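Content type mmCIF, C-alpha atoms, from the file model.cif:
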data_final
loop_
_atom_site.label_atom_id
_atom_site.label_comp_id
_atom_site.auth_asym_id
_atom_site.auth_seq_id
_atom_site.Cartn_x
_atom_site.Cartn_y
_atom_site.Cartn_z
CA MET A 1 0.00 0.00 0.00
CA MET A 2 2.80 2.40 0.91
CA GLU A 3 4.53 1.67 -2.41
CA THR A 4 1.36 2.64 -4.28
CA ILE A 5 1.08 5.92 -2.37
CA ILE A 6 4.72 6.71 -3.13
CA GLN A 7 4.14 5.94 -6.81
CA LEU A 8 1.08 8.20 -6.92
CA VAL A 9 2.87 11.08 -5.21
CA MET A 10 5.88 10.72 -7.51
CA ALA A 11 3.59 10.69 -10.56
CA GLY A 12 2.07 13.96 -9.39
CA ILE A 13 5.49 15.46 -8.74
CA GLY A 14 6.70 14.33 -12.17
CA SER A 15 3.70 15.96 -13.82
CA VAL A 16 4.32 19.19 -11.92
CA ALA A 17 8.00 19.11 -12.89
CA PHE A 18 7.08 18.91 -16.55
CA GLY A 19 4.57 21.69 -16.00
CA LEU A 20 7.42 23.82 -14.72
CA ILE A 21 9.59 22.85 -17.70
CA PHE A 22 6.75 23.79 -20.06
CA ASN A 23 6.40 27.10 -18.19
CA VAL A 24 2.79 26.46 -17.16
CA ASN A 25 1.16 29.13 -15.01
CA LYS A 26 1.93 28.31 -11.39
CA LYS A 27 -1.72 28.56 -10.35
CA TYR A 28 -2.41 25.38 -12.36
CA LEU A 29 0.31 23.24 -10.73
CA ALA A 30 -1.98 21.82 -8.03
CA VAL A 31 -4.45 20.72 -10.70
CA ILE A 32 -1.63 19.20 -12.73
CA PHE A 33 -0.45 17.32 -9.63
CA GLY A 34 -3.95 15.89 -9.12
CA LEU A 35 -4.27 14.90 -12.76
CA GLY A 36 -0.87 13.20 -12.71
CA VAL A 37 -1.99 11.21 -9.67
CA LEU A 38 -5.28 10.38 -11.42
CA CYS A 39 -3.44 9.25 -14.53
CA TRP A 40 -1.06 6.93 -12.71
CA GLY A 41 -3.81 5.74 -10.37
CA THR A 42 -5.95 4.79 -13.35
CA TRP A 43 -2.98 2.98 -14.88
CA LEU A 44 -2.30 1.05 -11.65
CA TYR A 45 -5.96 0.16 -11.13
CA SER A 46 -6.46 -0.97 -14.71
CA ASP A 47 -3.22 -2.93 -14.63
CA SER A 48 -4.16 -4.57 -11.33
CA LEU A 49 -7.27 -6.07 -12.90
CA GLY A 50 -4.89 -8.32 -14.80
CA LYS A 51 -7.24 -8.92 -17.70
CA ASN A 52 -6.30 -5.86 -19.72
CA SER A 53 -3.52 -5.62 -22.23
CA ILE A 54 -1.03 -2.79 -22.00
CA PHE A 55 -2.97 -1.10 -24.84
CA VAL A 56 -6.24 -1.15 -22.89
CA THR A 57 -4.48 0.03 -19.74
CA ALA A 58 -2.97 2.99 -21.62
CA LEU A 59 -6.29 3.69 -23.36
CA LEU A 60 -8.18 3.84 -20.07
CA ALA A 61 -5.57 6.08 -18.44
CA GLY A 62 -5.51 8.40 -21.46
CA LEU A 63 -9.31 8.48 -21.66
CA VAL A 64 -9.83 9.25 -17.97
CA VAL A 65 -7.20 11.99 -17.90
CA ALA A 66 -8.39 13.57 -21.16
CA ILE A 67 -11.98 13.73 -19.88
CA ALA A 68 -10.82 15.14 -16.53
CA ALA A 69 -8.60 17.68 -18.32
CA GLU A 70 -11.51 18.79 -20.52
CA ILE A 71 -13.83 19.21 -17.54
CA ILE A 72 -11.25 21.09 -15.50
CA SER A 73 -10.31 23.31 -18.44
CA ARG A 74 -13.95 24.36 -18.85
CA ILE A 75 -14.22 25.16 -15.14
CA ILE A 76 -10.95 27.10 -14.98
CA LYS A 77 -11.30 28.51 -18.52
CA ALA A 78 -7.86 27.37 -19.67
CA PRO A 79 -6.72 25.17 -22.59
CA SER A 80 -7.10 21.46 -21.89
CA THR A 81 -3.81 20.57 -23.57
CA ILE A 82 -1.91 22.21 -20.70
CA PHE A 83 -3.45 19.72 -18.33
CA PHE A 84 -3.48 16.68 -20.56
CA LEU A 85 0.12 16.87 -21.75
CA THR A 86 1.58 17.31 -18.30
CA ALA A 87 -0.73 14.78 -16.64
CA THR A 88 0.13 11.96 -19.05
CA ILE A 89 3.87 12.24 -18.38
CA PRO A 90 3.81 9.31 -15.89
CA ILE A 91 2.57 6.88 -18.56
CA ILE A 92 4.74 8.03 -21.48
CA PRO A 93 6.75 4.94 -22.48
CA GLY A 94 10.19 6.55 -22.38
CA GLY A 95 11.88 3.64 -20.60
CA GLN A 96 10.43 1.15 -23.04
CA LEU A 97 11.60 3.23 -25.98
CA TYR A 98 15.08 3.37 -24.42
CA HIS A 99 15.19 -0.42 -24.13
CA CYS A 100 13.95 -0.75 -27.71
CA MET A 101 16.75 1.46 -29.00
CA GLN A 102 19.27 -0.35 -26.80
CA GLY A 103 18.19 -3.64 -28.37
CA PHE A 104 18.64 -2.24 -31.86
CA ILE A 105 22.10 -0.89 -31.06
CA THR A 106 23.31 -4.12 -29.44
CA GLY A 107 21.83 -6.30 -32.19
CA GLN A 108 19.25 -8.02 -29.97
CA LYS A 109 16.37 -7.95 -32.44
CA ALA A 110 13.89 -9.94 -30.32
CA TYR A 111 14.55 -7.68 -27.32
CA ALA A 112 14.14 -4.57 -29.47
CA ALA A 113 10.98 -5.90 -31.11
CA ASP A 114 9.41 -6.75 -27.74
CA TYR A 115 10.04 -3.31 -26.26
CA GLY A 116 9.19 -1.60 -29.55
CA THR A 117 5.82 -3.35 -29.61
CA ARG A 118 5.12 -2.35 -26.01
CA THR A 119 6.07 1.25 -26.78
CA LEU A 120 3.77 1.29 -29.78
CA TYR A 121 0.86 -0.20 -27.81
CA VAL A 122 1.18 2.37 -25.03
CA ALA A 123 1.47 5.28 -27.48
CA LEU A 124 -1.53 4.04 -29.47
CA GLY A 125 -3.53 3.47 -26.28
CA ILE A 126 -2.86 6.98 -24.99
CA SER A 127 -3.69 8.59 -28.32
CA THR A 128 -6.83 6.49 -28.79
CA GLY A 129 -8.10 7.32 -25.31
CA MET A 130 -7.36 10.98 -25.89
CA SER A 131 -9.11 10.92 -29.27
CA ILE A 132 -12.22 9.26 -27.85
CA ALA A 133 -12.42 11.75 -24.99
CA TRP A 134 -11.96 14.77 -27.22
CA ALA A 135 -14.49 13.48 -29.75
CA VAL A 136 -17.08 12.96 -26.98
CA CYS A 137 -16.39 16.41 -25.53
CA ASP A 138 -16.62 18.03 -28.97
CA LEU A 139 -19.89 16.22 -29.68
CA SER A 140 -21.35 17.30 -26.33
CA ARG A 141 -20.45 20.95 -27.05
CA LYS A 142 -22.15 20.76 -30.45
CA VAL A 143 -25.26 19.16 -28.98
CA ARG A 144 -25.39 21.82 -26.24
CA ARG A 145 -25.12 24.60 -28.84
CA ARG A 146 -27.84 23.00 -30.94
CA PHE A 147 -30.21 22.80 -27.96
CA LYS A 148 -29.38 26.38 -27.03
CA LEU A 149 -30.21 27.55 -30.56
CA MET A 150 -33.44 25.52 -30.58
CA ASN A 151 -34.52 27.11 -27.28
CA GLN A 152 -33.73 30.60 -28.57
CA ASN A 153 -35.77 29.97 -31.72
CA LYS A 154 -38.81 28.86 -29.67
CA GLN A 155 -38.86 32.13 -27.77
#
Encoding of this model in structure tokens:
Amino acid sequence: MMETIIQLVMAGIGSVAFGLIFNVNKKYLAVIFGLGVLCWGTWLYSDSLGKNSIFVTALLAGLVVAIAAEIISRIIKAPSTIFFLTATIPIIPGGQLYHCMQGFITGQKAYAADYGTRTLYVALGISTGMSIAWAVCDLSRKVRRRFKLMNQNKQ
């Protein structure tokens, strides 16, 4: 349990650190911390179920964080990409990409292919989750506008 708490706190700190590198407004850092924790928490929970592939785990984490980032950005009136990009830092497959490249350099093709496949699955999962969330949010905005216009026309 303590290891999980440490992982969650470090995910939040890592997200905040990238927020500072990206020169994000300091008033958003607490939100970024929370989203980083949410992202890694979703990853850990989905992974603990044991039935999901790494793609599904990454998809769920990307989807949850993208939806949360969209909701928070509407409340705070700030761009959602600020929150999404920094919050997904804990699940970016940098270590896997490193091992993939190491395998290529040392001539271990099976090692490189294994880590390359994992890297690709995580990247595709994150981007698919993000795309689904943004499509749903865009659709909901269009539906809301349509209903607003219909109500104005009735009056």
Item to check | Å distance separating atom CA of A:Ala58 from atom CA of A:Trp40, one decimal place | outcome: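 Computing it gives 9.9 Å between the two atoms.
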Checklist entry - So, counting all atoms listed in the file, which residue among A:Leu149, A:Leu59, A:Val31, A:Leu20 is closest to A:Thr128? => result A:Leu59
Next on the checklist: Since I can't run it myself right now, could you work out what the PyMOL selection byres ((chain A and resi 13) around 12) selects here and report it as a PyMOL selection string?
Outcome noted: chain A and resi 6-12+14-20+29-37+40+86-87+89-90
File of the preceding selection, C-alpha atoms, as a PDB file, in the coordinates of the input:
ATOM      1  CA  ILE A   6       4.720   6.710  -3.130  1.00  0.00           C
ATOM      2  CA  GLN A   7       4.140   5.940  -6.810  1.00  0.00           C
ATOM      3  CA  LEU A   8       1.080   8.200  -6.920  1.00  0.00           C
ATOM      4  CA  VAL A   9       2.870  11.080  -5.210  1.00  0.00           C
ATOM      5  CA  MET A  10       5.880  10.720  -7.510  1.00  0.00           C
ATOM      6  CA  ALA A  11       3.590  10.690 -10.560  1.00  0.00           C
ATOM      7  CA  GLY A  12       2.070  13.960  -9.390  1.00  0.00           C
ATOM      8  CA  GLY A  14       6.700  14.330 -12.170  1.00  0.00           C
ATOM      9  CA  SER A  15       3.700  15.960 -13.820  1.00  0.00           C
ATOM     10  CA  VAL A  16       4.320  19.190 -11.920  1.00  0.00           C
ATOM     11  CA  ALA A  17       8.000  19.110 -12.890  1.00  0.00           C
ATOM     12  CA  PHE A  18       7.080  18.910 -16.550  1.00  0.00           C
ATOM     13  CA  GLY A  19       4.570  21.690 -16.000  1.00  0.00           C
ATOM     14  CA  LEU A  20       7.420  23.820 -14.720  1.00  0.00           C
ATOM     15  CA  LEU A  29       0.310  23.240 -10.730  1.00  0.00           C
ATOM     16  CA  ALA A  30      -1.980  21.820  -8.030  1.00  0.00           C
ATOM     17  CA  VAL A  31      -4.450  20.720 -10.700  1.00  0.00           C
ATOM     18  CA  ILE A  32      -1.630  19.200 -12.730  1.00  0.00           C
ATOM     19  CA  PHE A  33      -0.450  17.320  -9.630  1.00  0.00           C
ATOM     20  CA  GLY A  34      -3.950  15.890  -9.120  1.00  0.00           C
ATOM     21  CA  LEU A  35      -4.270  14.900 -12.760  1.00  0.00           C
ATOM     22  CA  GLY A  36      -0.870  13.200 -12.710  1.00  0.00           C
ATOM     23  CA  VAL A  37      -1.990  11.210  -9.670  1.00  0.00           C
ATOM     24  CA  TRP A  40      -1.060   6.930 -12.710  1.00  0.00           C
ATOM     25  CA  THR A  86       1.580  17.310 -18.300  1.00  0.00           C
ATOM     26  CA  ALA A  87      -0.730  14.780 -16.640  1.00  0.00           C
ATOM     27  CA  ILE A  89       3.870  12.240 -18.380  1.00  0.00           C
ATOM     28  CA  PRO A  90       3.810   9.310 -15.890  1.00  0.00           C
TER      29      PRO A  90
END
Next on the checklist: Once the PyMOL selection byres ((chain A and resi 73) around 12) is applied to the coordinates I shared, what remains selected? I want it as a ChimeraX atom specification.
Outcome noted: /A:28,31-32,35,65-72,74-84,137
Item to check | Length of the atom CA of A:Ala61 to atom CA of A:Gly41 vector [Å] | outcome: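 Atom CA of A:Gly41 lies at a distance of 8.3 Å from atom CA of A:Ala61.
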Next on the checklist: Can you spell out as JSON, numbers by chain the set of residues that the PyMOL selection byres ((chain A and resi 130) around 8) selects in the structure I just provided?
Outcome noted: {"A": [59, 62, 63, 66, 126, 127, 128, 129, 131, 132, 133, 134]}
Next on the checklist: Calculated over all atoms listed in the file, which of the candidates A:Phe22, A:Leu124, A:Ser53, A:Tyr98 has the smallest distance to A:Ala112?
Outcome noted: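 Selected residue with least distance to A:Ala112: A:Tyr98.
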Item to check | Computed interatomic separation between atom CA of A:Gly125 and atom CA of A:Val56 (Å) | outcome: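 If I compute the distance from atom CA of A:Gly125 to atom CA of A:Val56, I get 6.3 Å.
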Checklist entry - Restricting the calculation to all atoms listed in the file, which member of A:Leu60, A:Leu97, A:Ile21, A:Val136 is positioned closest to A:Cys39? => result A:Leu60
Checklist entry - Which is closest to A:Ala123 among A:Ser46, A:Thr88, A:Gln108, A:Gln102, if we use only C-alpha atoms? => result A:Thr88
As lines of an AutoDock Vina configuration file, what would the box around stretch 61-65 of chain A look like: edges along x, y and z, 6 Å added on every side, centre and edge lengths in Å to one decimal?
center_x = -7.7
center_y = 9.0
center_z = -19.8
size_x = 16.3
size_y = 17.9
size_z = 15.8
Some atoms are absent from stretch 61-79 of chain A, so rebuild N, CA and C atoms and return them as a PDB file, in the frame of the given file.
ATOM      1  N   ALA A  61      -6.243   4.972 -19.121  1.00  0.00           N
ATOM      2  CA  ALA A  61      -5.570   6.080 -18.440  1.00  0.00           C
ATOM      3  C   ALA A  61      -5.656   7.349 -19.284  1.00  0.00           C
ATOM      4  N   GLY A  62      -5.416   7.238 -20.581  1.00  0.00           N
ATOM      5  CA  GLY A  62      -5.510   8.400 -21.460  1.00  0.00           C
ATOM      6  C   GLY A  62      -6.922   8.954 -21.537  1.00  0.00           C
ATOM      7  N   LEU A  63      -7.905   8.068 -21.584  1.00  0.00           N
ATOM      8  CA  LEU A  63      -9.310   8.480 -21.660  1.00  0.00           C
ATOM      9  C   LEU A  63      -9.735   9.214 -20.390  1.00  0.00           C
ATOM     10  N   VAL A  64      -9.431   8.640 -19.237  1.00  0.00           N
ATOM     11  CA  VAL A  64      -9.830   9.250 -17.970  1.00  0.00           C
ATOM     12  C   VAL A  64      -9.188  10.617 -17.793  1.00  0.00           C
ATOM     13  N   VAL A  65      -7.901  10.719 -18.085  1.00  0.00           N
ATOM     14  CA  VAL A  65      -7.200  11.990 -17.900  1.00  0.00           C
ATOM     15  C   VAL A  65      -7.666  13.024 -18.919  1.00  0.00           C
ATOM     16  N   ALA A  66      -7.919  12.613 -20.150  1.00  0.00           N
ATOM     17  CA  ALA A  66      -8.390  13.570 -21.160  1.00  0.00           C
ATOM     18  C   ALA A  66      -9.769  14.120 -20.791  1.00  0.00           C
ATOM     19  N   ILE A  67     -10.655  13.266 -20.296  1.00  0.00           N
ATOM     20  CA  ILE A  67     -11.980  13.730 -19.880  1.00  0.00           C
ATOM     21  C   ILE A  67     -11.850  14.671 -18.677  1.00  0.00           C
ATOM     22  N   ALA A  68     -11.027  14.284 -17.705  1.00  0.00           N
ATOM     23  CA  ALA A  68     -10.820  15.140 -16.530  1.00  0.00           C
ATOM     24  C   ALA A  68     -10.201  16.479 -16.942  1.00  0.00           C
ATOM     25  N   ALA A  69      -9.245  16.448 -17.854  1.00  0.00           N
ATOM     26  CA  ALA A  69      -8.600  17.680 -18.320  1.00  0.00           C
ATOM     27  C   ALA A  69      -9.603  18.586 -19.033  1.00  0.00           C
ATOM     28  N   GLU A  70     -10.474  17.998 -19.830  1.00  0.00           N
ATOM     29  CA  GLU A  70     -11.510  18.790 -20.520  1.00  0.00           C
ATOM     30  C   GLU A  70     -12.461  19.430 -19.516  1.00  0.00           C
ATOM     31  N   ILE A  71     -12.900  18.672 -18.542  1.00  0.00           N
ATOM     32  CA  ILE A  71     -13.830  19.210 -17.540  1.00  0.00           C
ATOM     33  C   ILE A  71     -13.169  20.327 -16.751  1.00  0.00           C
ATOM     34  N   ILE A  72     -11.962  20.081 -16.287  1.00  0.00           N
ATOM     35  CA  ILE A  72     -11.250  21.090 -15.500  1.00  0.00           C
ATOM     36  C   ILE A  72     -10.964  22.330 -16.336  1.00  0.00           C
ATOM     37  N   SER A  73     -10.608  22.144 -17.592  1.00  0.00           N
ATOM     38  CA  SER A  73     -10.310  23.310 -18.440  1.00  0.00           C
ATOM     39  C   SER A  73     -11.542  24.172 -18.653  1.00  0.00           C
ATOM     40  N   ARG A  74     -12.709  23.573 -18.696  1.00  0.00           N
ATOM     41  CA  ARG A  74     -13.950  24.360 -18.850  1.00  0.00           C
ATOM     42  C   ARG A  74     -14.240  25.122 -17.555  1.00  0.00           C
ATOM     43  N   ILE A  75     -13.972  24.507 -16.427  1.00  0.00           N
ATOM     44  CA  ILE A  75     -14.220  25.160 -15.140  1.00  0.00           C
ATOM     45  C   ILE A  75     -13.255  26.331 -14.943  1.00  0.00           C
ATOM     46  N   ILE A  76     -11.970  26.084 -15.213  1.00  0.00           N
ATOM     47  CA  ILE A  76     -10.950  27.100 -14.980  1.00  0.00           C
ATOM     48  C   ILE A  76     -10.829  28.079 -16.153  1.00  0.00           C
ATOM     49  N   LYS A  77     -11.403  27.716 -17.294  1.00  0.00           N
ATOM     50  CA  LYS A  77     -11.300  28.510 -18.520  1.00  0.00           C
ATOM     51  C   LYS A  77      -9.838  28.630 -18.971  1.00  0.00           C
ATOM     52  N   ALA A  78      -9.240  27.469 -19.185  1.00  0.00           N
ATOM     53  CA  ALA A  78      -7.860  27.370 -19.670  1.00  0.00           C
ATOM     54  C   ALA A  78      -7.814  26.245 -20.712  1.00  0.00           C
ATOM     55  N   PRO A  79      -6.811  26.240 -21.575  1.00  0.00           N
ATOM     56  CA  PRO A  79      -6.720  25.170 -22.590  1.00  0.00           C
ATOM     57  C   PRO A  79      -6.511  23.793 -21.948  1.00  0.00           C
TER      58      PRO A  79
END
